[in-house]
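Accompanying notes for the structure given below.
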There are 2 protein chains.
Amino acid sequence: MTANSSSQLWIYDTTLRDGTQREGLSVSTEDKLRIARRLDQLGIPFIEGGWPGANPKDVQFFWHLQEEPLSQAEIVAFCFTRRPNKIASEDPMIQAILAAGTRWVTIVGKSWDLQVTEGLKTTLAENLAMIQDTIDYLRSQGRRVIYDAEHWFDGYKHNRDYALQTLETAIASGAEWVTLCDTNGGALPHEITGIVRDVMQAIGQNRFQSPIPKLGIHAHNDSDTAVANTIAAVMAGARMVQGTINGYGERCGNANLCSLIPNLQLKLGYECLEDSKISHITEISRFVSEVVNLAPDEHAPFVGRSAFAHKGGLHVSAVERNPLTYEHIEPEKIGNRRRIVISEQAGVSNVLAKARTFGIELDKHNPKTGQILQRLKILEQEGYQFEAAEASFELLMREALGNRQPFFEIKGFQVHCDLVQGEETTSALATVKVAVSGRDILEAAEGNGPVAALDAALRKALVNFYPQIAEFELTDYKVRILNGHTGTAAKTRVLVESGNGHQRWTTVGVSTNILAASYQAVVEGLEYGLLLHSQAEMALIANS
Amino acid sequence: MTANSSSQLWIYDTTLRDGTQREGLSVSTEDKLRIARRLDQLGIPFIEGGWPGANPKDVQFFWHLQEEPLSQAEIVAFCFTRRPNKIASEDPMIQAILAAGTRWVTIVGKSWDLQVTEGLKTTLAENLAMIQDTIDYLRSQGRRVIYDAEHWFDGYKHNRDYALQTLETAIASGAEWVTLCDTNGGALPHEITGIVRDVMQAIGQNRFQSPIPKLGIHAHNDSDTAVANTIAAVMAGARMVQGTINGYGERCGNANLCSLIPNLQLKLGYECLEDSKISHITEISRFVSEVVNLAPDEHAPFVGRSAFAHKGGLHVSAVERNPLTYEHIEPEKIGNRRRIVISEQAGVSNVLAKARTFGIELDKHNPKTGQILQRLKILEQEGYQFEAAEASFELLMREALGNRQPFFEIKGFQVHCDLVQGEETTSALATVKVAVSGRDILEAAEGNGPVAALDAALRKALVNFYPQIAEFELTDYKVRILNGHTGTAAKTRVLVESGNGHQRWTTVGVSTNILAASYQAVVEGLEYGLLLHSQAEMALIANS
């Protein structure tokens, strides 16, 4: 990984570490792996995966990635410097990041004298020794090191000389990047500009081992200026940009990469991602919000659903005549789209593109295309969302085109829960009546929850006809309450991910009744699995 | 209204005009009046009330304010310049803003040559005449004029000379302020700095009728830099700051006054509001979000519920020792408060700090403290999360301390759903058996989902004993599937927010059975509401 021009920037994503500090956000190891693989596909060069010394979930995450590594990105393990008056090689935290097995590690250390003496209760000299010893040891173990200077800007304002010493120590010990962190998020852009310039000069090219600028910036949004602060640092010479997807992070969040990448690359001419990748920014923003199960911010700059929404007649015709008059950037460049709020213009081209990915031939003159679009709009208005539920979307298209295979028909489905019977052991009972191959099958099953019971009853009814169902499993289940403010009367959207050991697919259901929504998604999940199986059988026959 | 020092800024709130352009926001005349009066109390000098020529609701709004004027603020009516080739005094739009009866009016005109020739389809000279004629006429009718230069920054970049001519025309015609508008929100802070400086020079003190800087700034957040752009303009000489409460506005919103006022006044030393008023910023942010019925952004800088929230034991004791190490500003200064988040990393200090906020005396030598912590850790391992469910946490503490009031006891709870009966019309039936005041009550209720049915049955059973329950409502309902990859056998966490018209509280439930989890949260929500009610009654008795 080398710098090929001074306008090259290195994006360092910390969604999986700092991002998960956001209040109300929690992710499983599986969620983290899914996000890491998407960031890798996007071409993010550095992905901070977590703090394996502090969090058992993060240990697992790094193990998984050792077994199935990312294709291009460097996955980075994060850790504090060793403790005061200990030895780095004996610090269990440091051992934990070595065990993570990454090429790169990020070590965070104190820059602010007050934090050293009052927080760590040690001497300024010992803090420098902690930085040096930790980096030395990690270098001796073959690791490449990024040094995060915590509370840099506060430290600099309080004691510039000492703050600079901490950076110099990190660089002299072999850190290849030093990142200036505005940990409290209190700095404003003009301060960042002044301080980064001074740092560039003070520990400038002569003292760095390489002529390439090696400063990074890590901003928080407490002053509502994290994006501007990051841009200011880059314009003053920083070349690593730390941030998170959707600006997730503690308190008010981290610098938002979904805003930074378009600003830096499309407006200021820096190179962050390959040109072909930048149009996936909107998609990744929505993907991550789905995986962490937070409602996307519809008004988010660049990637929000309202970011290029236009209201009102005059305005709309002005936009259509010359989009520049009401759009600061072409929405397509970042994978977003213009929306005319009154007369919703849904994308025929989207439907056509989608159909192609499913191997369904469709062209824009086919009247079915318009019908699919119409149906799609109605369903989206009802709360369905097909971005993450492509299997349901394919079934919808097949239905419209008249080639949806009738594997089975549900004739009745009931569920009964007894919630208070010895407190802990609640049980659910489901009964189902299904028509398969001309026969009506009635089955009942229990589960430790109503959806598990529904799923079990349905499988029991179908498995004699479709033995492949035994291999299907429900791999993920997500619930989102739409219009939450109407309380329990709100609509519920359920996403179910299913798998057959080789493939995974996602289906969606929507209802005011959470069980009805789950039932729709579970039923379509089974149906889609059967469809995949029959396609695979047909392909086998064709090839034999 | 005169400038008393060069650090004096004039805040110009456009929540009621530009803010209402936000997709999904709609307000009644009454809502607008309530907001205007609160902004007036806060000491905002200029409040843009609407566009009376374009919107009948706005006409009403100004009529009301003529009958009952604001106490201090100038209410401002907004309008475009007259149409091409017409006469200002005959333009019905212009008559409408005169009829609004305000002392001040804001006239918006075109700065960008392209918009004049392509958008308005008129000549550059006619556009200047439109600006001049409109302002002249309004001045002749005794109005004081603010001129908003639409698309200023794009216009300037495209044709600087013409853009400057439009400003000069407005000033020569008697506009007392000229506001540079970044209508598309595409500019970045360094551009704003350069352009505002150039404008200050180009039409500087010699050409202004007064020595006081008379430039304003109006920024949009499409580049995620509206706050930084506004600060850049102020630092370059602008003295009027246009923005909205909570940054509401079209597309990605306007510059957020709730971030700008603290940054400008508390960090940069400008005078925006009286010192005694700035602590009401958080309150007004929440008030406006309540009135416009949008969920407050919990992660909003300065005013968000999470803006000063701290997780993790070590971190918490550091904050209590020296708040500056993790807070960029004292939350009390803007009326917000520090929150100790109860989370996985909880330590004794978190529990003690939390207990204090509930008015529960507890100290670290009390064995109960350790027990609460232990219980908390077990529950969090099971998937409970008390970060957002403070009501459940308080009930847990009261339980451990032996002062949880037994308002009722659930003896049985069942729910039955029929999912396939004419497809769309699924229904749910719940039955509950509750012991209250020594009696067993059996009730049943239907709902459009199982949770609604549960809630209805429980209320029906309790309302005769606790009539205050009639005022409780479920205001939000959130579901999170834990360890989603185990599919429908996964655990479910439900958060329920309840309200009584004055207060809101959140409770949590966890189970593999989504209905059991919902049931727990709903039941604790009702219990906590009863607790609040009995506390309020006791306080009344104590005070009488």
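Identifiers for the structure tokens are assigned positionally: chains receive A, B, ... in sequence, residues are indexed from 1 per chain, and ligands are indexed from 1 in the order shown.
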Checklist line | Which of range 274-363 of chain B fall in alpha helix (DSSP H), as a PyMOL selection string | finding: chain B and resi 281-291+313-321+348-357
Check: So which residues touch range 39-44 of chain B within 10 Å, counting only C-alpha atoms, skipping near sequence neighbours fewer than 2 positions away, as a ChimeraX atom specification?
Finding: /B:10-13,15,33-37,46-47,70-75,245,272-274,276-281,284,288
Take the residues from that selection and put them in a file with N, CA, C and O atoms, as a compact mmCIF listing (two decimals), in the first residue's frame.
# COMPACT_ATOMS: atom_id res chain seq x y z
N TRP B 10 -26.99 38.81 14.70
CA TRP B 10 -28.45 38.79 14.66
C TRP B 10 -28.90 37.42 14.18
O TRP B 10 -28.58 37.02 13.06
N ILE B 11 -29.61 36.72 15.05
CA ILE B 11 -30.13 35.41 14.66
C ILE B 11 -31.46 35.62 13.94
O ILE B 11 -32.31 36.39 14.40
N TYR B 12 -31.59 34.95 12.82
CA TYR B 12 -32.78 35.04 11.99
C TYR B 12 -33.32 33.63 11.85
O TYR B 12 -32.72 32.79 11.19
N ASP B 13 -34.41 33.36 12.53
CA ASP B 13 -34.96 32.01 12.52
C ASP B 13 -35.95 31.84 11.38
O ASP B 13 -36.90 32.63 11.24
N THR B 15 -37.42 28.67 10.82
CA THR B 15 -38.10 27.40 11.07
C THR B 15 -39.52 27.41 10.49
O THR B 15 -39.97 26.42 9.90
N LEU B 33 -47.86 29.59 15.65
CA LEU B 33 -47.95 30.65 16.66
C LEU B 33 -47.24 30.23 17.95
O LEU B 33 -46.53 31.02 18.57
N ARG B 34 -47.44 28.97 18.35
CA ARG B 34 -46.79 28.49 19.57
C ARG B 34 -45.28 28.57 19.44
O ARG B 34 -44.57 28.99 20.35
N ILE B 35 -44.78 28.16 18.27
CA ILE B 35 -43.33 28.18 18.06
C ILE B 35 -42.83 29.63 18.04
O ILE B 35 -41.81 29.95 18.67
N ALA B 36 -43.56 30.52 17.34
CA ALA B 36 -43.13 31.92 17.27
C ALA B 36 -43.01 32.53 18.66
O ALA B 36 -42.05 33.24 18.99
N ARG B 37 -43.98 32.22 19.53
CA ARG B 37 -43.95 32.82 20.88
C ARG B 37 -42.77 32.29 21.69
O ARG B 37 -42.16 33.02 22.48
N PHE B 46 -35.05 38.09 14.91
CA PHE B 46 -35.84 38.04 13.68
C PHE B 46 -36.47 36.65 13.53
O PHE B 46 -35.77 35.64 13.58
N ILE B 47 -37.78 36.62 13.34
CA ILE B 47 -38.48 35.35 13.12
C ILE B 47 -39.22 35.45 11.79
O ILE B 47 -40.16 36.24 11.65
N LEU B 70 -45.88 39.79 19.05
CA LEU B 70 -44.80 39.24 19.86
C LEU B 70 -44.25 40.35 20.75
O LEU B 70 -44.46 41.53 20.49
N SER B 71 -43.55 39.96 21.80
CA SER B 71 -43.11 41.00 22.73
C SER B 71 -41.84 41.71 22.27
O SER B 71 -41.71 42.91 22.45
N GLN B 72 -40.91 41.00 21.67
CA GLN B 72 -39.64 41.63 21.32
C GLN B 72 -39.22 41.41 19.89
O GLN B 72 -38.67 42.28 19.24
N ALA B 73 -39.44 40.16 19.43
CA ALA B 73 -38.89 39.78 18.12
C ALA B 73 -39.57 40.53 16.99
O ALA B 73 -40.73 40.91 17.09
N GLU B 74 -38.82 40.74 15.93
CA GLU B 74 -39.41 41.23 14.69
C GLU B 74 -39.91 40.02 13.91
O GLU B 74 -39.14 39.10 13.61
N ILE B 75 -41.19 40.02 13.59
CA ILE B 75 -41.71 38.94 12.76
C ILE B 75 -41.57 39.41 11.31
O ILE B 75 -41.85 40.56 10.99
N ILE B 245 -34.53 25.83 13.94
CA ILE B 245 -34.44 24.95 15.11
C ILE B 245 -34.36 23.50 14.61
O ILE B 245 -35.12 23.09 13.74
N CYS B 272 -25.17 36.22 20.65
CA CYS B 272 -26.38 35.84 19.90
C CYS B 272 -27.61 36.08 20.75
O CYS B 272 -28.55 36.74 20.35
N LEU B 273 -27.60 35.49 21.94
CA LEU B 273 -28.73 35.59 22.87
C LEU B 273 -28.21 36.14 24.19
O LEU B 273 -27.02 36.07 24.47
N GLU B 274 -29.13 36.64 25.01
CA GLU B 274 -28.74 36.99 26.37
C GLU B 274 -28.19 35.74 27.06
O GLU B 274 -28.69 34.64 26.86
N SER B 276 -28.64 34.60 29.92
CA SER B 276 -29.62 33.84 30.70
C SER B 276 -30.53 32.99 29.81
O SER B 276 -31.22 32.11 30.28
N LYS B 277 -30.53 33.28 28.51
CA LYS B 277 -31.45 32.58 27.62
C LYS B 277 -30.84 31.34 26.98
O LYS B 277 -31.54 30.43 26.54
N ILE B 278 -29.52 31.30 26.92
CA ILE B 278 -28.88 30.24 26.14
C ILE B 278 -29.12 28.86 26.75
O ILE B 278 -29.13 27.84 26.05
N SER B 279 -29.41 28.83 28.05
CA SER B 279 -29.68 27.53 28.68
C SER B 279 -31.04 26.97 28.30
O SER B 279 -31.42 25.88 28.72
N HIS B 280 -31.80 27.71 27.50
CA HIS B 280 -33.10 27.18 27.05
C HIS B 280 -33.03 26.52 25.68
O HIS B 280 -34.06 26.12 25.14
N ILE B 281 -31.83 26.43 25.14
CA ILE B 281 -31.69 25.87 23.78
C ILE B 281 -32.19 24.41 23.71
O ILE B 281 -32.91 24.04 22.78
N ILE B 284 -35.98 24.33 23.87
CA ILE B 284 -36.70 24.79 22.67
C ILE B 284 -36.57 23.77 21.56
O ILE B 284 -37.51 23.54 20.79
N VAL B 288 -39.96 22.30 19.95
CA VAL B 288 -40.30 22.39 18.53
C VAL B 288 -40.52 21.00 17.94
O VAL B 288 -41.47 20.78 17.19
Excluding Ala456 in chain A and its own-chain neighbours fewer than 5 positions away, which residues fall within 9 Å of it when counting only C-alpha atoms? Please give them as a PDB file with N, CA and C atoms, in the first residue's frame.
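Once written, around_6.pdb looks like this:
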ATOM      1  N   ALA A 430     -48.621 -23.612  17.003  1.00  0.00           N
ATOM      2  CA  ALA A 430     -49.144 -23.168  15.705  1.00  0.00           C
ATOM      3  C   ALA A 430     -49.812 -24.333  14.995  1.00  0.00           C
ATOM      4  N   ALA A 444     -49.642 -29.411  13.314  1.00  0.00           N
ATOM      5  CA  ALA A 444     -49.459 -28.505  14.442  1.00  0.00           C
ATOM      6  C   ALA A 444     -48.050 -28.684  14.974  1.00  0.00           C
ATOM      7  N   ALA A 445     -47.484 -27.603  15.531  1.00  0.00           N
ATOM      8  CA  ALA A 445     -46.142 -27.724  16.114  1.00  0.00           C
ATOM      9  C   ALA A 445     -45.998 -26.699  17.224  1.00  0.00           C
ATOM     10  N   GLU A 446     -45.087 -26.996  18.124  1.00  0.00           N
ATOM     11  CA  GLU A 446     -44.782 -26.058  19.202  1.00  0.00           C
ATOM     12  C   GLU A 446     -43.450 -25.383  18.911  1.00  0.00           C
ATOM     13  N   GLY A 447     -43.247 -24.249  19.573  1.00  0.00           N
ATOM     14  CA  GLY A 447     -41.953 -23.579  19.436  1.00  0.00           C
ATOM     15  C   GLY A 447     -41.736 -22.721  20.658  1.00  0.00           C
ATOM     16  N   VAL A 451     -43.214 -17.433  16.144  1.00  0.00           N
ATOM     17  CA  VAL A 451     -42.698 -17.522  14.776  1.00  0.00           C
ATOM     18  C   VAL A 451     -41.997 -18.863  14.569  1.00  0.00           C
ATOM     19  N   ALA A 461     -45.617 -29.841   7.664  1.00  0.00           N
ATOM     20  CA  ALA A 461     -46.657 -30.107   6.669  1.00  0.00           C
ATOM     21  C   ALA A 461     -46.061 -30.368   5.283  1.00  0.00           C
TER      22      ALA A 461
END
Notebook entry, point to check: What lies within 7 Å of Trp112 in chain A using only C-alpha atoms, ignoring chain neighbours under 3 positions off, as a VMD selection string?
Noted result: chain A and resid 115 to 116 151 to 152 154 to 155 163
If you keep N, CA and C atoms, can you produce a file of those selected residues as a PDB file, in the first residue's frame?
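Output saved as out03.pdb:
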ATOM      1  N   GLN A 115      -4.613  14.383  31.204  1.00  0.00           N
ATOM      2  CA  GLN A 115      -5.143  13.022  31.208  1.00  0.00           C
ATOM      3  C   GLN A 115      -4.103  12.030  31.707  1.00  0.00           C
ATOM      4  N   VAL A 116      -2.855  12.324  31.460  1.00  0.00           N
ATOM      5  CA  VAL A 116      -1.787  11.433  31.908  1.00  0.00           C
ATOM      6  C   VAL A 116      -1.668  11.517  33.426  1.00  0.00           C
ATOM      7  N   HIS A 151      -7.499  12.705  22.278  1.00  0.00           N
ATOM      8  CA  HIS A 151      -7.623  14.079  22.803  1.00  0.00           C
ATOM      9  C   HIS A 151      -6.538  14.987  22.247  1.00  0.00           C
ATOM     10  N   TRP A 152      -6.161  14.749  20.994  1.00  0.00           N
ATOM     11  CA  TRP A 152      -5.040  15.516  20.451  1.00  0.00           C
ATOM     12  C   TRP A 152      -5.252  17.024  20.549  1.00  0.00           C
ATOM     13  N   ASP A 154      -7.275  18.958  22.310  1.00  0.00           N
ATOM     14  CA  ASP A 154      -7.283  19.516  23.664  1.00  0.00           C
ATOM     15  C   ASP A 154      -5.875  19.492  24.250  1.00  0.00           C
ATOM     16  N   GLY A 155      -5.193  18.385  24.025  1.00  0.00           N
ATOM     17  CA  GLY A 155      -3.825  18.253  24.542  1.00  0.00           C
ATOM     18  C   GLY A 155      -2.917  19.328  23.953  1.00  0.00           C
ATOM     19  N   ALA A 163       2.394  17.441  23.786  1.00  0.00           N
ATOM     20  CA  ALA A 163       1.562  16.742  22.799  1.00  0.00           C
ATOM     21  C   ALA A 163       2.422  16.335  21.600  1.00  0.00           C
TER      22      ALA A 163
END
Item checked: Shell of 9 Å around range 471-480 of chain B, only C-alpha atoms, local chain residues under 5 positions omitted, as a PyMOL selection string -> (chain A and resi 293+478-481+483-488+490) or (chain B and resi 455+491-501+504+506+514+518+522+525-526+529)
Next item on the list: Choose the residue, out of B:Leu9, B:Ile195, B:Ala539, B:Leu120, that has the smallest atom-to-atom separation from chain A; count only C-alpha atoms.
Entry: B:Leu120
Note to self: Using only C-alpha atoms for the distances, tell me which of A:Glu67, A:Glu126, A:Asp224, A:Asp297 is nearest to chain B.
What the structure shows: A:Asp224
Next item on the list: Any chance you could list, as a VMD selection string, the residues in range 428-537 of chain A that come up strand (DSSP E) when DSSP is run on the backbone?
Entry: chain A and resid 428 to 436 439 to 447 473 to 482 491 to 499 504 to 511
Next item on the list: Would you kindly return, as a PyMOL selection string, each protein, DNA or RNA residue with an atom no farther than 12 Å from any atom of Pro367 in chain A, considering only C-alpha atoms and excluding same-chain residues fewer than 4 positions away?
Entry: chain A and resi 348+362-363+371-374+400-401
Next item on the list: Give the answer as one residue: which of B:Gln66, B:Gln520, B:Thr106, B:Ser392 has the shortest atom-to-atom distance to Cys79 in chain B, using only C-alpha atoms?
Entry: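 Ranked by minimum distance to Cys79 in chain B, first place goes to B:Thr106.
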